[in-house]
Structure formats: C-alpha cells, structure tokens
file model.pdb (PDB, C-alpha atoms, pLDDT in the B column)
ATOM      1  CA  MET A1051     164.525  95.479  34.144  1.00 44.00           C
ATOM      2  CA  GLU A1052     165.337  96.007  37.825  1.00 46.00           C
ATOM      3  CA  LYS A1053     165.883  99.724  37.262  1.00 49.00           C
ATOM      4  CA  GLU A1054     162.394 100.042  35.849  1.00 59.00           C
ATOM      5  CA  LEU A1055     160.739  98.653  38.969  1.00 56.00           C
ATOM      6  CA  GLY A1056     159.647 101.003  41.725  1.00 59.00           C
ATOM      7  CA  PHE A1057     156.859 103.333  42.770  1.00 62.00           C
ATOM      8  CA  ALA A1058     156.933 105.319  39.510  1.00 69.00           C
ATOM      9  CA  HIS A1059     156.706 102.120  37.486  1.00 63.00           C
ATOM     10  CA  PHE A1060     153.892 100.928  39.743  1.00 65.00           C
ATOM     11  CA  LEU A1061     151.917 104.122  39.130  1.00 65.00           C
ATOM     12  CA  ALA A1062     152.438 103.793  35.405  1.00 66.00           C
ATOM     13  CA  GLN A1063     151.075 100.239  35.408  1.00 68.00           C
ATOM     14  CA  VAL A1064     148.207 100.620  37.887  1.00 70.00           C
ATOM     15  CA  ASP A1065     144.640 100.449  36.543  1.00 73.00           C
ATOM     16  CA  GLY A1066     141.475 102.353  37.466  1.00 79.00           C
ATOM     17  CA  VAL A1067     140.758 100.320  40.601  1.00 79.00           C
ATOM     18  CA  GLY A1068     144.299 100.881  41.842  1.00 79.00           C
ATOM     19  CA  ILE A1069     144.043 104.605  41.181  1.00 85.00           C
ATOM     20  CA  SER A1070     140.773 104.692  43.138  1.00 88.00           C
ATOM     21  CA  VAL A1071     142.457 102.963  46.082  1.00 88.00           C
ATOM     22  CA  LEU A1072     145.344 105.436  45.994  1.00 88.00           C
ATOM     23  CA  VAL A1073     142.991 108.415  45.848  1.00 90.00           C
ATOM     24  CA  LEU A1074     140.951 107.058  48.770  1.00 93.00           C
ATOM     25  CA  LEU A1075     144.071 106.521  50.872  1.00 93.00           C
ATOM     26  CA  LEU A1076     145.293 110.007  50.025  1.00 93.00           C
ATOM     27  CA  ALA A1077     141.924 111.523  50.974  1.00 95.00           C
ATOM     28  CA  LEU A1078     141.901 109.663  54.300  1.00 95.00           C
ATOM     29  CA  SER A1079     145.451 110.771  55.004  1.00 95.00           C
ATOM     30  CA  VAL A1080     144.779 114.437  54.236  1.00 96.00           C
ATOM     31  CA  ALA A1081     141.527 114.480  56.234  1.00 95.00           C
ATOM     32  CA  SER A1082     143.016 112.725  59.258  1.00 95.00           C
ATOM     33  CA  TRP A1083     146.130 114.902  59.337  1.00 96.00           C
ATOM     34  CA  TYR A1084     143.998 118.043  58.997  1.00 97.00           C
ATOM     35  CA  LEU A1085     141.911 116.987  61.991  1.00 96.00           C
ATOM     36  CA  ILE A1086     144.969 115.903  63.967  1.00 96.00           C
ATOM     37  CA  LEU A1087     146.693 119.266  63.520  1.00 96.00           C
ATOM     38  CA  THR A1088     143.635 121.489  63.969  1.00 96.00           C
ATOM     39  CA  LYS A1089     142.266 119.598  66.983  1.00 96.00           C
ATOM     40  CA  GLY A1090     145.704 119.361  68.564  1.00 95.00           C
ATOM     41  CA  ILE A1091     146.311 123.105  68.299  1.00 96.00           C
ATOM     42  CA  ALA A1092     142.743 123.916  69.411  1.00 94.00           C
ATOM     43  CA  ASN A1093     143.019 121.617  72.445  1.00 94.00           C
ATOM     44  CA  LEU A1094     146.334 123.169  73.461  1.00 95.00           C
ATOM     45  CA  LEU A1095     145.011 126.724  73.215  1.00 94.00           C
ATOM     46  CA  GLU A1096     141.784 125.877  75.037  1.00 93.00           C
ATOM     47  CA  SER A1097     143.677 124.170  77.860  1.00 93.00           C
ATOM     48  CA  GLN A1098     145.791 127.290  78.344  1.00 93.00           C
ATOM     49  CA  ARG A1099     142.719 129.531  78.348  1.00 93.00           C
ATOM     50  CA  ALA A1100     140.961 127.203  80.807  1.00 93.00           C
ATOM     51  CA  GLU A1101     143.884 127.282  83.231  1.00 93.00           C
ATOM     52  CA  THR A1102     143.909 131.076  83.090  1.00 91.00           C
ATOM     53  CA  PHE A1103     140.166 131.259  83.703  1.00 91.00           C
ATOM     54  CA  LEU A1104     140.238 128.798  86.610  1.00 91.00           C
ATOM     55  CA  LYS A1105     142.944 130.798  88.369  1.00 91.00           C
ATOM     56  CA  ARG A1106     140.909 133.994  87.968  1.00 88.00           C
ATOM     57  CA  PHE A1107     137.738 132.211  89.057  1.00 88.00           C
ATOM     58  CA  TRP A1108     139.098 130.818  92.302  1.00 88.00           C
ATOM     59  CA  ASN A1109     140.932 134.035  93.108  1.00 87.00           C
ATOM     60  CA  ALA A1110     137.744 136.087  92.751  1.00 84.00           C
ATOM     61  CA  ASP A1111     136.205 137.604  95.861  1.00 81.00           C
ATOM     62  CA  SER A1112     132.632 136.725  94.901  1.00 80.00           C
ATOM     63  CA  LEU A1113     130.473 135.225  92.197  1.00 80.00           C
ATOM     64  CA  GLN A1114     129.404 138.753  91.291  1.00 82.00           C
ATOM     65  CA  GLU A1115     133.008 139.518  90.383  1.00 83.00           C
ATOM     66  CA  VAL A1116     133.176 136.361  88.269  1.00 84.00           C
ATOM     67  CA  ASN A1117     129.949 137.331  86.537  1.00 83.00           C
ATOM     68  CA  ALA A1118     131.269 140.814  85.807  1.00 84.00           C
ATOM     69  CA  THR A1119     134.463 139.339  84.377  1.00 80.00           C
ATOM     70  CA  LEU A1120     132.531 136.961  82.128  1.00 82.00           C
ATOM     71  CA  SER A1121     130.247 139.752  80.979  1.00 78.00           C
ATOM     72  CA  GLY A1122     133.225 141.834  79.868  1.00 75.00           C
ATOM     73  CA  GLN A1123     134.826 139.173  77.687  1.00 77.00           C
ATOM     74  CA  PRO A1124     133.686 136.152  75.647  1.00 78.00           C
ATOM     75  CA  ALA A1125     133.667 132.705  77.241  1.00 80.00           C
ATOM     76  CA  ASP A1126     136.504 131.162  75.223  1.00 84.00           C
ATOM     77  CA  ASN A1127     136.731 127.793  76.984  1.00 89.00           C
ATOM     78  CA  ALA A1128     134.414 125.117  78.343  1.00 92.00           C
ATOM     79  CA  PHE A1129     134.905 126.077  82.000  1.00 93.00           C
ATOM     80  CA  ALA A1130     134.027 129.713  81.352  1.00 91.00           C
ATOM     81  CA  GLN A1131     131.009 128.682  79.295  1.00 91.00           C
ATOM     82  CA  LEU A1132     129.793 126.369  82.049  1.00 92.00           C
ATOM     83  CA  ALA A1133     130.236 129.098  84.668  1.00 90.00           C
ATOM     84  CA  GLN A1134     128.341 131.530  82.451  1.00 89.00           C
ATOM     85  CA  LEU A1135     125.478 129.033  82.056  1.00 88.00           C
ATOM     86  CA  ALA A1136     125.300 128.487  85.807  1.00 86.00           C
ATOM     87  CA  LEU A1137     125.402 132.180  86.669  1.00 86.00           C
ATOM     88  CA  ASN A1138     122.769 132.995  84.041  1.00 83.00           C
ATOM     89  CA  ALA A1139     120.576 130.201  85.410  1.00 80.00           C
ATOM     90  CA  ALA A1140     121.030 131.528  88.932  1.00 78.00           C
ATOM     91  CA  ALA A1141     120.072 135.043  87.854  1.00 77.00           C
ATOM     92  CA  ASP A1142     117.092 133.734  85.921  1.00 70.00           C
ATOM     93  CA  SER A1143     115.958 131.609  88.860  1.00 66.00           C
ATOM     94  CA  GLU A1144     116.260 134.545  91.233  1.00 61.00           C
ATOM     95  CA  LYS A1145     114.233 136.744  88.892  1.00 60.00           C
ATOM     96  CA  HIS A1146     111.450 134.317  87.987  1.00 53.00           C
ATOM     97  CA  GLY A1147     111.580 131.845  90.864  1.00 52.00           C
ATOM     98  CA  LEU A1148     109.853 128.535  90.070  1.00 50.00           C
ATOM     99  CA  GLN A1149     107.299 130.080  87.745  1.00 50.00           C
ATOM    100  CA  LYS A1150     109.001 128.918  84.568  1.00 54.00           C
ATOM    101  CA  LEU A1151     108.491 125.355  83.379  1.00 46.00           C
ATOM    102  CA  ALA A1152     112.248 124.709  83.230  1.00 49.00           C
ATOM    103  CA  ALA A1153     112.487 125.212  87.009  1.00 51.00           C
ATOM    104  CA  ALA A1154     109.348 123.296  87.901  1.00 53.00           C
ATOM    105  CA  GLY A1155     111.331 120.448  89.475  1.00 54.00           C
ATOM    106  CA  GLY A1156     112.979 122.691  92.013  1.00 63.00           C
ATOM    107  CA  THR A1157     116.009 124.955  92.055  1.00 71.00           C
ATOM    108  CA  SER A1158     118.523 122.167  92.682  1.00 74.00           C
ATOM    109  CA  GLU A1159     117.129 120.062  89.866  1.00 79.00           C
ATOM    110  CA  PHE A1160     117.123 123.113  87.599  1.00 78.00           C
ATOM    111  CA  PHE A1161     120.816 123.836  88.246  1.00 81.00           C
ATOM    112  CA  THR A1162     121.723 120.160  87.865  1.00 84.00           C
ATOM    113  CA  ARG A1163     119.979 119.992  84.500  1.00 85.00           C
ATOM    114  CA  ILE A1164     121.654 123.194  83.275  1.00 86.00           C
ATOM    115  CA  LEU A1165     125.129 121.976  84.256  1.00 90.00           C
ATOM    116  CA  ARG A1166     124.573 118.496  82.839  1.00 90.00           C
ATOM    117  CA  ASN A1167     123.394 119.930  79.528  1.00 91.00           C
ATOM    118  CA  GLY A1168     126.499 122.114  79.383  1.00 92.00           C
ATOM    119  CA  ILE A1169     128.779 119.117  79.960  1.00 93.00           C
ATOM    120  CA  ASP A1170     126.908 117.077  77.335  1.00 93.00           C
ATOM    121  CA  GLN A1171     127.305 119.858  74.782  1.00 93.00           C
ATOM    122  CA  GLU A1172     131.040 120.014  75.459  1.00 94.00           C
ATOM    123  CA  ALA A1173     131.311 116.214  75.151  1.00 94.00           C
ATOM    124  CA  THR A1174     129.629 116.407  71.758  1.00 93.00           C
ATOM    125  CA  ARG A1175     131.956 119.197  70.649  1.00 93.00           C
ATOM    126  CA  VAL A1176     135.228 117.520  71.656  1.00 93.00           C
ATOM    127  CA  GLU A1177     134.217 114.283  69.942  1.00 93.00           C
ATOM    128  CA  ASN A1178     133.689 116.069  66.626  1.00 92.00           C
ATOM    129  CA  GLY A1179     136.027 114.624  63.993  1.00 92.00           C
ATOM    130  CA  LEU A1180     137.092 111.592  66.003  1.00 95.00           C
ATOM    131  CA  THR A1181     134.871 109.307  63.944  1.00 94.00           C
ATOM    132  CA  LEU A1182     136.785 110.154  60.776  1.00 95.00           C
ATOM    133  CA  ILE A1183     140.157 109.668  62.492  1.00 96.00           C
ATOM    134  CA  ALA A1184     139.024 106.314  63.877  1.00 95.00           C
ATOM    135  CA  SER A1185     137.701 105.286  60.472  1.00 94.00           C
ATOM    136  CA  ALA A1186     141.030 106.148  58.841  1.00 94.00           C
ATOM    137  CA  GLY A1187     142.915 104.174  61.451  1.00 94.00           C
ATOM    138  CA  SER A1188     140.751 101.082  61.148  1.00 94.00           C
ATOM    139  CA  ALA A1189     139.926 101.055  57.436  1.00 94.00           C
ATOM    140  CA  ALA A1190     143.184 102.224  55.803  1.00 94.00           C
ATOM    141  CA  PRO A1191     145.090  98.925  56.308  1.00 94.00           C
ATOM    142  CA  TYR A1192     142.271  96.946  54.704  1.00 94.00           C
ATOM    143  CA  ILE A1193     142.010  99.412  51.831  1.00 93.00           C
ATOM    144  CA  GLY A1194     145.738  99.092  51.249  1.00 91.00           C
ATOM    145  CA  LEU A1195     145.498  95.304  51.475  1.00 91.00           C
ATOM    146  CA  PHE A1196     142.737  95.318  48.895  1.00 90.00           C
ATOM    147  CA  GLY A1197     144.961  97.343  46.589  1.00 87.00           C
ATOM    148  CA  THR A1198     147.781  94.865  47.133  1.00 87.00           C
ATOM    149  CA  VAL A1199     145.587  91.865  46.338  1.00 88.00           C
ATOM    150  CA  TRP A1200     144.267  93.596  43.235  1.00 83.00           C
ATOM    151  CA  GLY A1201     147.786  94.467  42.094  1.00 80.00           C
ATOM    152  CA  ILE A1202     149.081  90.931  42.668  1.00 82.00           C
ATOM    153  CA  TYR A1203     146.124  89.504  40.770  1.00 80.00           C
ATOM    154  CA  HIS A1204     146.837  91.653  37.724  1.00 75.00           C
ATOM    155  CA  ALA A1205     150.580  91.007  37.959  1.00 73.00           C
ATOM    156  CA  LEU A1206     150.035  87.250  37.988  1.00 77.00           C
ATOM    157  CA  VAL A1207     147.602  87.493  35.077  1.00 75.00           C
ATOM    158  CA  GLN A1208     150.158  89.414  33.022  1.00 71.00           C
ATOM    159  CA  ILE A1209     152.917  86.957  33.926  1.00 71.00           C
ATOM    160  CA  GLY A1210     150.679  84.045  32.985  1.00 73.00           C
ATOM    161  CA  LEU A1211     149.889  85.572  29.608  1.00 70.00           C
ATOM    162  CA  SER A1212     153.565  86.205  28.907  1.00 67.00           C
ATOM    163  CA  GLY A1213     154.491  82.628  29.774  1.00 66.00           C
ATOM    164  CA  GLN A1214     157.517  83.739  31.825  1.00 65.00           C
ATOM    165  CA  GLY A1215     156.884  82.433  35.335  1.00 58.00           C
ATOM    166  CA  THR A1216     160.399  82.610  36.716  1.00 62.00           C
ATOM    167  CA  LEU A1217     161.104  84.140  40.132  1.00 59.00           C
ATOM    168  CA  ASP A1218     162.686  87.294  38.752  1.00 58.00           C
ATOM    169  CA  LYS A1219     159.569  87.932  36.669  1.00 62.00           C
ATOM    170  CA  VAL A1220     157.185  87.356  39.616  1.00 65.00           C
ATOM    171  CA  ALA A1221     159.037  89.075  42.465  1.00 63.00           C
ATOM    172  CA  GLY A1222     159.108  92.552  40.894  1.00 64.00           C
ATOM    173  CA  PRO A1223     155.396  93.011  40.171  1.00 67.00           C
ATOM    174  CA  VAL A1224     154.383  91.372  43.468  1.00 72.00           C
ATOM    175  CA  GLY A1225     156.794  93.597  45.366  1.00 73.00           C
ATOM    176  CA  GLU A1226     155.364  96.660  43.683  1.00 72.00           C
ATOM    177  CA  ALA A1227     151.845  95.601  44.658  1.00 76.00           C
ATOM    178  CA  LEU A1228     152.906  95.531  48.319  1.00 83.00           C
ATOM    179  CA  ILE A1229     153.318  99.316  48.101  1.00 84.00           C
ATOM    180  CA  MET A1230     149.555  99.552  48.624  1.00 87.00           C
ATOM    181  CA  THR A1231     149.796  97.780  51.982  1.00 90.00           C
ATOM    182  CA  ALA A1232     152.632 100.069  53.050  1.00 90.00           C
ATOM    183  CA  LEU A1233     150.590 103.139  52.109  1.00 91.00           C
ATOM    184  CA  GLY A1234     147.606 101.837  54.063  1.00 93.00           C
ATOM    185  CA  LEU A1235     149.748 101.373  57.164  1.00 94.00           C
ATOM    186  CA  ALA A1236     151.281 104.825  56.709  1.00 94.00           C
ATOM    187  CA  VAL A1237     147.786 106.312  56.813  1.00 95.00           C
ATOM    188  CA  ALA A1238     146.508 104.129  59.663  1.00 96.00           C
ATOM    189  CA  ILE A1239     149.315 104.320  62.225  1.00 96.00           C
ATOM    190  CA  PRO A1240     149.256 108.125  62.820  1.00 96.00           C
ATOM    191  CA  ALA A1241     145.452 108.076  62.872  1.00 96.00           C
ATOM    192  CA  VAL A1242     145.317 105.336  65.519  1.00 96.00           C
ATOM    193  CA  LEU A1243     147.909 107.043  67.721  1.00 97.00           C
ATOM    194  CA  ALA A1244     146.147 110.400  67.420  1.00 96.00           C
ATOM    195  CA  TYR A1245     142.737 108.881  68.139  1.00 96.00           C
ATOM    196  CA  ASN A1246     143.984 107.251  71.347  1.00 97.00           C
ATOM    197  CA  ALA A1247     145.618 110.515  72.429  1.00 96.00           C
ATOM    198  CA  PHE A1248     142.458 112.537  71.758  1.00 97.00           C
ATOM    199  CA  VAL A1249     140.233 110.032  73.570  1.00 96.00           C
ATOM    200  CA  ARG A1250     142.455 110.146  76.641  1.00 96.00           C
ATOM    201  CA  ARG A1251     142.591 113.946  76.572  1.00 96.00           C
ATOM    202  CA  ASN A1252     138.816 114.213  76.221  1.00 96.00           C
ATOM    203  CA  ARG A1253     138.236 111.809  79.110  1.00 96.00           C
ATOM    204  CA  ILE A1254     140.469 113.868  81.424  1.00 95.00           C
ATOM    205  CA  TRP A1255     138.983 117.135  80.149  1.00 95.00           C
ATOM    206  CA  LEU A1256     135.385 116.062  80.776  1.00 95.00           C
ATOM    207  CA  THR A1257     136.283 114.663  84.198  1.00 95.00           C
ATOM    208  CA  ARG A1258     137.721 118.023  85.204  1.00 94.00           C
ATOM    209  CA  LEU A1259     134.678 119.785  83.776  1.00 94.00           C
ATOM    210  CA  ASP A1260     132.370 117.504  85.743  1.00 94.00           C
ATOM    211  CA  ALA A1261     134.284 118.262  88.956  1.00 93.00           C
ATOM    212  CA  PHE A1262     134.029 121.978  88.224  1.00 93.00           C
ATOM    213  CA  ALA A1263     130.288 121.572  87.688  1.00 92.00           C
ATOM    214  CA  HIS A1264     129.974 120.023  91.161  1.00 91.00           C
ATOM    215  CA  ASP A1265     131.784 123.032  92.604  1.00 89.00           C
ATOM    216  CA  LEU A1266     129.527 125.446  90.739  1.00 89.00           C
ATOM    217  CA  PHE A1267     126.466 123.623  92.041  1.00 87.00           C
ATOM    218  CA  ALA A1268     127.776 123.827  95.604  1.00 85.00           C
ATOM    219  CA  LEU A1269     128.629 127.513  95.295  1.00 85.00           C
ATOM    220  CA  ILE A1270     125.440 128.619  93.562  1.00 81.00           C
ATOM    221  CA  ALA A1271     122.707 126.211  94.657  1.00 69.00           C
ATOM    222  CA  VAL A1272     123.917 125.114  98.070  1.00 63.00           C
ATOM    223  CA  GLY A1273     126.167 128.039  98.963  1.00 55.00           C
ATOM    224  CA  ALA A1274     128.796 125.783 100.487  1.00 37.00           C
ATOM    225  CA  LYS A1275     132.501 126.121 100.078  1.00 39.00           C
ATOM    226  CA  THR A1276     134.224 123.146  98.513  1.00 38.00           C
ATOM    227  CA  ASN A1277     137.587 122.024  97.294  1.00 38.00           C
ATOM    228  CA  SER A1278     137.748 121.059  93.658  1.00 40.00           C
ATOM    229  CA  SER A1279     139.511 118.277  91.808  1.00 42.00           C
ATOM    230  CA  ALA A1280     139.234 120.274  88.568  1.00 47.00           C
ATOM    231  CA  GLY A1281     142.851 121.196  88.322  1.00 46.00           C
ATOM    232  CA  GLU A1282     144.723 123.696  90.453  1.00 43.00           C
ATOM    233  CA  VAL A1283     141.816 125.408  92.152  1.00 39.00           C
ATOM    234  CA  ARG A1284     140.609 126.367  95.631  1.00 41.00           C
ATOM    235  CA  PRO A1285     137.407 127.754  97.210  1.00 40.00           C
ATOM    236  CA  LEU A1286     136.200 131.250  96.569  1.00 42.00           C
ATOM    237  CA  ARG A1287     137.674 133.661  99.074  1.00 41.00           C
ATOM    238  CA  VAL A1288     135.358 135.568 101.374  1.00 35.00           C
ATOM    239  CA  VAL A1289     136.225 139.242 101.566  1.00 36.00           C
ATOM    240  CA  PRO A1290     137.824 139.671 105.016  1.00 36.00           C
ATOM    241  CA  PRO A1291     137.228 142.666 107.279  1.00 36.00           C
ATOM    242  CA  ALA A1292     139.485 145.653 106.742  1.00 40.00           C
ATOM    243  CA  GLU A1293     141.520 144.926 109.868  1.00 42.00           C
ATOM    244  CA  GLY A1294     142.043 141.329 108.826  1.00 41.00           C
ATOM    245  CA  ARG A1295     143.542 142.161 105.461  1.00 40.00           C
ATOM    246  CA  LYS A1296     147.273 141.959 104.970  1.00 39.00           C
TER     247      LYS A1296
END
call {"tool": "encode", "arguments": {"input": "model.pdb", "output": "structure tokens"}}
result
Amino acid sequence: MEKELGFAHFLAQVDGVGISVLVLLLALSVASWYLILTKGIANLLESQRAETFLKRFWNADSLQEVNATLSGQPADNAFAQLAQLALNAAADSEKHGLQKLAAAGGTSEFFTRILRNGIDQEATRVENGLTLIASAGSAAPYIGLFGTVWGIYHALVQIGLSGQGTLDKVAGPVGEALIMTALGLAVAIPAVLAYNAFVRRNRIWLTRLDAFAHDLFALIAVGAKTNSSAGEVRPLRVVPPAEGRK
C-alpha cells in the first residue's frame, strides 16, 4: 500500500475540482515565470543601453550634437526617449513660440509637463506585468490550501465509507492532499521574490529618470549647468577655444 502512495497516485485519485486547482497553479506558474524571465532580461538590456546613452550624452559638446545622435538612431531606452521628447519640445517651442495651446502656460510649464508625461509613461510601462506576478505570489498559497482541504475532505469521506479509520489508512491520503499546499508555495515564493526585486528596481530606475529630467529642464529651459544624480554623469562640456584644447 505504501508503494502506491505518492504524486502519481494522487493524480490518479484527484477529482475535477482538484484538476482545476492544479491547472490554475500551473497557469500561474508559467505566466509568472514568463514575466520574470522576459522582464529580467529586458531590464538588464535597457540598463546597459541607458548607461551607454548617458555617457554619450554627458560627453557631447552641445545639445545639437545630442539631437543629431538621437536622430540617427532609435531611442532604445527611457533616458534617450525622455531626451528626445525634451529636444523635440524645445524645437517646437522655438518654432511656434507660445502660440500653441500646449505652451499657453509658459515655456517652463510646457517643458515641465512634457518631461512629467514622459516619466509617467515610463512608470506605466515598467509596471506592466507586475500585477500578475503579485497576484501569483499572494493567491497561489491559498489556492494550494484550498486544494489540500478539498483533498483531505474527499480522503476522509472515502475512509469513512470504508470503515477503516486506522492511522495508516488516514496518513497516506492526507499526506497526498498536502501536495497541493506544497505546489502553491512553489508557485508563490519565486513570484514574491521577483515582485519585490522588480519594485525596487523600478523605484531606483524612475528616481534616476526623474533626476535626469531635472537636468534636461535646466539645460534646455533654464540654460544652466548642473550636476546630476542620475548615475555616472556630469554637465555638458562647453567647446573650449582652440588654444585651450589639449
């Protein structure tokens, strides 16, 4: 009898409700792991592209050079996209002045609104998929527990009908039912860890993007030079006279 107990025996004895619980846990696991892997790889690649762009940006001699660089290649990270938005807004403002409704509040307000909208769009993008990961992490243990309770209920009913209520007859079916709880935890634990890691990464990412937006505002709207907290960056270099160059 002991050799017959196990996961295979549990699957053979499980009913429709148990199968539904298993399918739901499997779907949550596949969906969460897909998002974990794809978002993890995408975040890593975007961070590398952002670091490359920021180094080029702060080593540029002028905003015109930055604009020419962005025009020649796609903006493949949030910092490049934000810089492109700001430079396009600056060009549009210079061409049309305050005639357009979008710039009716003044140039500074116009640039602030453009940069804030860009940051909000990036915040929405990086949060995509986190709801499903959080749902898997919070709901999977309860789904597994429900499957365990349902399995124990049916095991006890079958034992009661057979009239054999000894410990060896009860322990096996109850132990098999606990597999559902273990599966729920196996789905939930990676999802919770990944969710916390993504939330922390997104918070740092958006903080850096916000600092970069302040620098863009100072460079474009105010024209001041500023140090940035958005990573390893420094002010735009002014082209020195010929005799001052090394």
call {"tool": "atom_distance", "arguments": {"input": "model.pdb", "atom1": "CA of Leu1104 (chain A)", "atom2": "CA of Glu1159 (chain A)"}}
result
24.9 Å
call {"tool": "atom_distance", "arguments": {"input": "model.pdb", "atom1": "CA of Trp1255 (chain A)", "atom2": "CA of Arg1106 (chain A)"}}
result
18.7 Å
call {"tool": "closest_residue", "arguments": {"input": "model.pdb", "among": "A:Ala1190, A:Leu1132, A:Gly1066, A:Leu1095", "to": "Pro1240 (chain A)", "atoms": "only C-alpha atoms"}}
result
A:Ala1190
call {"tool": "resolve_selection", "arguments": {"input": "model.pdb", "expression": "the PyMOL selection byres ((chain A and resi 1119) around 12)", "output": "PDB file with C-alpha atoms, in the frame of the given file"}}
result
ATOM      1  CA  PHE A1103     140.166 131.259  83.703  1.00 91.00           C
ATOM      2  CA  ARG A1106     140.909 133.994  87.968  1.00 88.00           C
ATOM      3  CA  PHE A1107     137.738 132.211  89.057  1.00 88.00           C
ATOM      4  CA  ALA A1110     137.744 136.087  92.751  1.00 84.00           C
ATOM      5  CA  ASP A1111     136.205 137.604  95.861  1.00 81.00           C
ATOM      6  CA  SER A1112     132.632 136.725  94.901  1.00 80.00           C
ATOM      7  CA  LEU A1113     130.473 135.225  92.197  1.00 80.00           C
ATOM      8  CA  GLN A1114     129.404 138.753  91.291  1.00 82.00           C
ATOM      9  CA  GLU A1115     133.008 139.518  90.383  1.00 83.00           C
ATOM     10  CA  VAL A1116     133.176 136.361  88.269  1.00 84.00           C
ATOM     11  CA  ASN A1117     129.949 137.331  86.537  1.00 83.00           C
ATOM     12  CA  ALA A1118     131.269 140.814  85.807  1.00 84.00           C
ATOM     13  CA  LEU A1120     132.531 136.961  82.128  1.00 82.00           C
ATOM     14  CA  SER A1121     130.247 139.752  80.979  1.00 78.00           C
ATOM     15  CA  GLY A1122     133.225 141.834  79.868  1.00 75.00           C
ATOM     16  CA  GLN A1123     134.826 139.173  77.687  1.00 77.00           C
ATOM     17  CA  PRO A1124     133.686 136.152  75.647  1.00 78.00           C
ATOM     18  CA  ALA A1125     133.667 132.705  77.241  1.00 80.00           C
ATOM     19  CA  ALA A1130     134.027 129.713  81.352  1.00 91.00           C
ATOM     20  CA  ALA A1133     130.236 129.098  84.668  1.00 90.00           C
ATOM     21  CA  GLN A1134     128.341 131.530  82.451  1.00 89.00           C
ATOM     22  CA  LEU A1137     125.402 132.180  86.669  1.00 86.00           C
TER      23      LEU A1137
END
call {"tool": "closest_residue", "arguments": {"input": "model.pdb", "among": "A:Leu1135, A:Val1071, A:Leu1259, A:Ala1244", "to": "Thr1088 (chain A)", "atoms": "only C-alpha atoms"}}
result
A:Ala1244
call {"tool": "closest_residue", "arguments": {"input": "model.pdb", "among": "A:Leu1094, A:Ala1268, A:Val1199, A:Leu1206", "to": "Met1230 (chain A)", "atoms": "only C-alpha atoms"}}
result
A:Val1199
call {"tool": "atom_distance", "arguments": {"input": "model.pdb", "atom1": "CA of Leu1085 (chain A)", "atom2": "CA of Ala1236 (chain A)"}}
result
16.2 Å
call {"tool": "build_atoms", "arguments": {"input": "model.pdb", "residues": "region 1123-1136 of chain A", "atoms": "N, CA and C atoms", "output": "PDB file, in the frame of the given file"}}
result
ATOM      1  N   GLN A1123     134.048 139.854  78.714  1.00 77.00           N
ATOM      2  CA  GLN A1123     134.826 139.173  77.687  1.00 77.00           C
ATOM      3  C   GLN A1123     134.129 137.880  77.291  1.00 77.00           C
ATOM      4  N   PRO A1124     134.363 137.384  76.079  1.00 78.00           N
ATOM      5  CA  PRO A1124     133.686 136.152  75.647  1.00 78.00           C
ATOM      6  C   PRO A1124     134.184 134.937  76.408  1.00 78.00           C
ATOM      7  N   ALA A1125     133.299 133.965  76.598  1.00 80.00           N
ATOM      8  CA  ALA A1125     133.667 132.705  77.241  1.00 80.00           C
ATOM      9  C   ALA A1125     134.383 131.839  76.204  1.00 80.00           C
ATOM     10  N   ASP A1126     135.716 131.800  76.264  1.00 84.00           N
ATOM     11  CA  ASP A1126     136.504 131.162  75.223  1.00 84.00           C
ATOM     12  C   ASP A1126     136.975 129.761  75.580  1.00 84.00           C
ATOM     13  N   ASN A1127     136.387 129.165  76.632  1.00 89.00           N
ATOM     14  CA  ASN A1127     136.731 127.793  76.984  1.00 89.00           C
ATOM     15  C   ASN A1127     135.540 127.154  77.683  1.00 89.00           C
ATOM     16  N   ALA A1128     135.572 125.842  77.816  1.00 92.00           N
ATOM     17  CA  ALA A1128     134.414 125.117  78.343  1.00 92.00           C
ATOM     18  C   ALA A1128     134.114 125.476  79.785  1.00 92.00           C
ATOM     19  N   PHE A1129     135.132 125.736  80.593  1.00 93.00           N
ATOM     20  CA  PHE A1129     134.905 126.077  82.000  1.00 93.00           C
ATOM     21  C   PHE A1129     134.228 127.438  82.124  1.00 93.00           C
ATOM     22  N   ALA A1130     134.667 128.399  81.330  1.00 91.00           N
ATOM     23  CA  ALA A1130     134.027 129.713  81.352  1.00 91.00           C
ATOM     24  C   ALA A1130     132.589 129.639  80.843  1.00 91.00           C
ATOM     25  N   GLN A1131     132.363 128.833  79.816  1.00 91.00           N
ATOM     26  CA  GLN A1131     131.009 128.682  79.295  1.00 91.00           C
ATOM     27  C   GLN A1131     130.091 128.030  80.315  1.00 91.00           C
ATOM     28  N   LEU A1132     130.611 127.030  81.029  1.00 92.00           N
ATOM     29  CA  LEU A1132     129.793 126.369  82.049  1.00 92.00           C
ATOM     30  C   LEU A1132     129.485 127.323  83.201  1.00 92.00           C
ATOM     31  N   ALA A1133     130.471 128.109  83.604  1.00 90.00           N
ATOM     32  CA  ALA A1133     130.236 129.098  84.668  1.00 90.00           C
ATOM     33  C   ALA A1133     129.220 130.138  84.222  1.00 90.00           C
ATOM     34  N   GLN A1134     129.301 130.559  82.969  1.00 89.00           N
ATOM     35  CA  GLN A1134     128.341 131.530  82.451  1.00 89.00           C
ATOM     36  C   GLN A1134     126.936 130.954  82.446  1.00 89.00           C
ATOM     37  N   LEU A1135     126.796 129.686  82.031  1.00 88.00           N
ATOM     38  CA  LEU A1135     125.478 129.033  82.056  1.00 88.00           C
ATOM     39  C   LEU A1135     124.917 128.984  83.466  1.00 88.00           C
ATOM     40  N   ALA A1136     125.768 128.608  84.428  1.00 86.00           N
ATOM     41  CA  ALA A1136     125.300 128.487  85.807  1.00 86.00           C
ATOM     42  C   ALA A1136     124.906 129.831  86.392  1.00 86.00           C
TER      43      ALA A1136
END
